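**Student:** Would you mind keeping the following structure in view while I ask a few things?
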Amino acid sequence: MVVPQIGSVANLMERRQFETKENKRLLEKSQRVEAILASMQATGAEAAQLQEIEEMITAPERQQLENLKRNVNKLDASENLDETIFVLESFIHSTVKKP
């Protein structure tokens, strides 16, 4: 009864890692753009300059990033839920008196 939970957590972790690896280039680009924006905002850049930097990530890339973030968040939540279920089942299994 406890073993299937371990497998599902491993599958979820593997899927999350796969999604992140498959979109590594886009994630790195997004981080670079965010860092440039933060730097330019700190130096008091004009709105037009900031807009130009934001446009370095295209609309399809933004959509892909949003989908990736949503999927990774769902996978993380599922991992946490499966881990919680595993802990609860383990507790119940260990506290039930066997005849």
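Naming works like this for the structure tokens: A, B, ... for the chains as they're shown, residue 1 at the start of each chain, ligands 1 onward in shown order.
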Can you list, as a list in words, every protein, DNA or RNA residue that comes within 12 Å of Met40 (chain A) when you count only C-alpha atoms, leaving out same-chain residues fewer than 6 positions away?
**Tutor:**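 Close residues of Met40 (chain A): Val33, Glu34, Glu46, Ala47, Ala48, Gln49, Leu50, Gln51, Glu52, Ile53 and Glu54 of chain A.
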**Student:** Identify, on the basis of only C-alpha atoms, every residue whose closest approach to Arg70 (chain A) does not exceed 12 Å; exclude the query and any residue fewer than 5 positions from it along the same chain; express the result as a PyMOL selection string.
**Tutor:** chain A and resi 16+19-20+63-65+75-77
**Student:** Would you put the residues from that selection into a file with all heavy atoms, as a JSON list (two decimals), in the first residue's frame?
**Tutor:**
[["chain", "number", "residue", "atom", "x", "y", "z"],
["A", 16, "ARG", "N", 9.28, 16.81, -13.57],
["A", 16, "ARG", "CA", 9.63, 18.21, -13.30],
["A", 16, "ARG", "C", 11.03, 18.52, -13.80],
["A", 16, "ARG", "O", 11.27, 19.55, -14.44],
["A", 16, "ARG", "CB", 9.51, 18.53, -11.81],
["A", 16, "ARG", "CG", 9.82, 19.97, -11.47],
["A", 16, "ARG", "CD", 9.63, 20.26, -9.99],
["A", 16, "ARG", "NE", 10.11, 19.24, -9.09],
["A", 16, "ARG", "CZ", 11.37, 19.09, -8.70],
["A", 16, "ARG", "NH1", 12.31, 19.89, -9.15],
["A", 16, "ARG", "NH2", 11.70, 18.13, -7.86],
["A", 19, "GLU", "N", 10.95, 18.68, -17.65],
["A", 19, "GLU", "CA", 10.36, 19.94, -18.13],
["A", 19, "GLU", "C", 11.35, 21.08, -18.01],
["A", 19, "GLU", "O", 11.50, 21.90, -18.91],
["A", 19, "GLU", "CB", 9.08, 20.27, -17.35],
["A", 19, "GLU", "CG", 7.92, 19.35, -17.62],
["A", 19, "GLU", "CD", 7.29, 19.54, -18.98],
["A", 19, "GLU", "OE1", 7.45, 20.62, -19.59],
["A", 19, "GLU", "OE2", 6.62, 18.60, -19.45],
["A", 20, "THR", "N", 12.04, 21.14, -16.88],
["A", 20, "THR", "CA", 13.02, 22.21, -16.64],
["A", 20, "THR", "C", 14.19, 22.09, -17.61],
["A", 20, "THR", "O", 14.63, 23.08, -18.19],
["A", 20, "THR", "CB", 13.52, 22.15, -15.19],
["A", 20, "THR", "OG1", 12.38, 22.25, -14.32],
["A", 20, "THR", "CG2", 14.47, 23.29, -14.88],
["A", 63, "GLN", "N", 4.23, 32.90, -23.42],
["A", 63, "GLN", "CA", 3.19, 31.89, -23.23],
["A", 63, "GLN", "C", 3.82, 30.56, -22.82],
["A", 63, "GLN", "O", 3.32, 29.89, -21.91],
["A", 63, "GLN", "CB", 2.39, 31.72, -24.53],
["A", 63, "GLN", "CG", 1.23, 30.76, -24.38],
["A", 63, "GLN", "CD", 0.18, 31.25, -23.42],
["A", 63, "GLN", "OE1", -0.14, 32.44, -23.39],
["A", 63, "GLN", "NE2", -0.34, 30.36, -22.60],
["A", 64, "GLN", "N", 4.91, 30.21, -23.46],
["A", 64, "GLN", "CA", 5.61, 28.97, -23.11],
["A", 64, "GLN", "C", 6.13, 29.03, -21.68],
["A", 64, "GLN", "O", 6.04, 28.04, -20.93],
["A", 64, "GLN", "CB", 6.76, 28.73, -24.09],
["A", 64, "GLN", "CG", 7.41, 27.39, -23.96],
["A", 64, "GLN", "CD", 8.50, 27.15, -25.02],
["A", 64, "GLN", "OE1", 8.71, 27.98, -25.90],
["A", 64, "GLN", "NE2", 9.18, 26.05, -24.90],
["A", 65, "LEU", "N", 6.66, 30.17, -21.26],
["A", 65, "LEU", "CA", 7.14, 30.34, -19.89],
["A", 65, "LEU", "C", 6.00, 30.21, -18.89],
["A", 65, "LEU", "O", 6.15, 29.56, -17.85],
["A", 65, "LEU", "CB", 7.82, 31.69, -19.72],
["A", 65, "LEU", "CG", 9.27, 31.78, -20.14],
["A", 65, "LEU", "CD1", 9.72, 33.23, -20.19],
["A", 65, "LEU", "CD2", 10.16, 30.97, -19.22],
["A", 75, "LEU", "N", 3.29, 20.15, -10.69],
["A", 75, "LEU", "CA", 4.11, 18.99, -10.36],
["A", 75, "LEU", "C", 4.65, 19.08, -8.93],
["A", 75, "LEU", "O", 4.65, 18.10, -8.19],
["A", 75, "LEU", "CB", 5.26, 18.84, -11.36],
["A", 75, "LEU", "CG", 4.84, 18.41, -12.77],
["A", 75, "LEU", "CD1", 6.00, 18.59, -13.73],
["A", 75, "LEU", "CD2", 4.34, 16.99, -12.78],
["A", 76, "ASP", "N", 5.09, 20.28, -8.53],
["A", 76, "ASP", "CA", 5.57, 20.48, -7.16],
["A", 76, "ASP", "C", 4.47, 20.21, -6.15],
["A", 76, "ASP", "O", 4.69, 19.55, -5.13],
["A", 76, "ASP", "CB", 6.10, 21.91, -6.97],
["A", 76, "ASP", "CG", 7.47, 22.12, -7.58],
["A", 76, "ASP", "OD1", 8.19, 21.13, -7.78],
["A", 76, "ASP", "OD2", 7.82, 23.29, -7.84],
["A", 77, "ALA", "N", 3.28, 20.74, -6.43],
["A", 77, "ALA", "CA", 2.15, 20.52, -5.51],
["A", 77, "ALA", "C", 1.81, 19.05, -5.42],
["A", 77, "ALA", "O", 1.53, 18.53, -4.34],
["A", 77, "ALA", "CB", 0.94, 21.33, -5.98]]
**Student:** Can you check which residues of chain A DSSP gives as helix (DSSP H, G or I) on the backbone and send them as a PyMOL selection string?
**Tutor:** chain A and resi 3-22+24-42+47-54+59-95
**Student:** Give me, as a PDB file with C-alpha atoms, in the first residue's frame, all polymer residues having an atom no more than 12 Å from Leu12 (chain A), counting only C-alpha atoms and skipping those fewer than 3 positions away in the same chain.
**Tutor:**
ATOM      1  CA  GLN A   5       3.399   6.461  -3.435  1.00  0.00           C
ATOM      2  CA  ILE A   6       7.183   6.266  -3.643  1.00  0.00           C
ATOM      3  CA  GLY A   7       6.998   5.490  -7.361  1.00  0.00           C
ATOM      4  CA  SER A   8       4.604   8.331  -8.092  1.00  0.00           C
ATOM      5  CA  VAL A   9       6.783  10.852  -6.246  1.00  0.00           C
ATOM      6  CA  ARG A  15       8.891  14.872 -14.985  1.00  0.00           C
ATOM      7  CA  ARG A  16       9.629  18.213 -13.304  1.00  0.00           C
ATOM      8  CA  GLN A  17      13.336  17.809 -14.011  1.00  0.00           C
ATOM      9  CA  PHE A  18      12.583  16.877 -17.629  1.00  0.00           C
ATOM     10  CA  GLU A  19      10.363  19.936 -18.130  1.00  0.00           C
ATOM     11  CA  ASN A  71       3.065  22.889 -15.029  1.00  0.00           C
ATOM     12  CA  VAL A  72       6.087  22.915 -12.720  1.00  0.00           C
ATOM     13  CA  ASN A  73       3.971  24.393  -9.922  1.00  0.00           C
ATOM     14  CA  LYS A  74       1.385  21.633 -10.411  1.00  0.00           C
ATOM     15  CA  LEU A  75       4.106  18.987 -10.355  1.00  0.00           C
ATOM     16  CA  ASP A  76       5.573  20.484  -7.162  1.00  0.00           C
ATOM     17  CA  ALA A  77       2.149  20.525  -5.515  1.00  0.00           C
ATOM     18  CA  SER A  78       1.565  16.924  -6.554  1.00  0.00           C
ATOM     19  CA  GLU A  79       4.951  15.895  -5.154  1.00  0.00           C
ATOM     20  CA  ASN A  80       4.102  17.534  -1.834  1.00  0.00           C
ATOM     21  CA  LEU A  81       0.695  15.879  -1.749  1.00  0.00           C
ATOM     22  CA  ASP A  82       2.117  12.447  -2.545  1.00  0.00           C
ATOM     23  CA  GLU A  83       4.793  12.867   0.114  1.00  0.00           C
TER      24      GLU A  83
END
**Student:** So how many Å separate CA of Val96 (chain A) and CA of Thr84 (chain A), to one decimal?
**Tutor:**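 Value for the CA of Val96 (chain A)-CA of Thr84 (chain A) distance: 18.3 Å.
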**Student:** Which residues come within 12 Å of Gln31 (chain A), counting only C-alpha atoms, excluding same-chain residues fewer than 5 positions away, as a ChimeraX atom specification?
**Tutor:** /A:24-26,36-38,54,56-57,65
**Student:** Need the shell around Arg62 (chain A): protein/DNA/RNA residues with any atom at most 10 Å away, counting only C-alpha atoms. Skip same-chain ones fewer than 6 positions apart. Format as a PyMOL selection string?
**Tutor:** chain A and resi 26+30+55+68
**Student:** Take the selection from the previous step and output its residues with N, CA, C and O atoms, as a tab-separated table (two decimals), in the first residue's frame.
**Tutor:**
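And here's again00.tsv as it stands now:
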chain	number	residue	atom	x	y	z
A	26	LEU	N	15.18	28.75	-22.59
A	26	LEU	CA	14.17	29.78	-22.39
A	26	LEU	C	14.19	30.30	-20.95
A	26	LEU	O	14.07	31.52	-20.73
A	30	SER	N	14.99	34.15	-19.88
A	30	SER	CA	14.08	34.90	-19.02
A	30	SER	C	14.81	35.49	-17.82
A	30	SER	O	14.59	36.64	-17.45
A	55	GLU	N	10.68	43.32	-24.53
A	55	GLU	CA	10.32	42.75	-25.83
A	55	GLU	C	11.35	41.75	-26.34
A	55	GLU	O	11.14	41.12	-27.37
A	68	LEU	N	5.01	26.59	-18.68
A	68	LEU	CA	6.04	25.85	-17.95
A	68	LEU	C	5.93	26.10	-16.45
A	68	LEU	O	5.94	25.16	-15.66
**Student:** For CA of Leu27 (chain A) and CA of Glu14 (chain A), determine how far apart the two atoms are, in Å to one decimal place.
**Tutor:**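 Distance between the two atoms: 17.9 Å.
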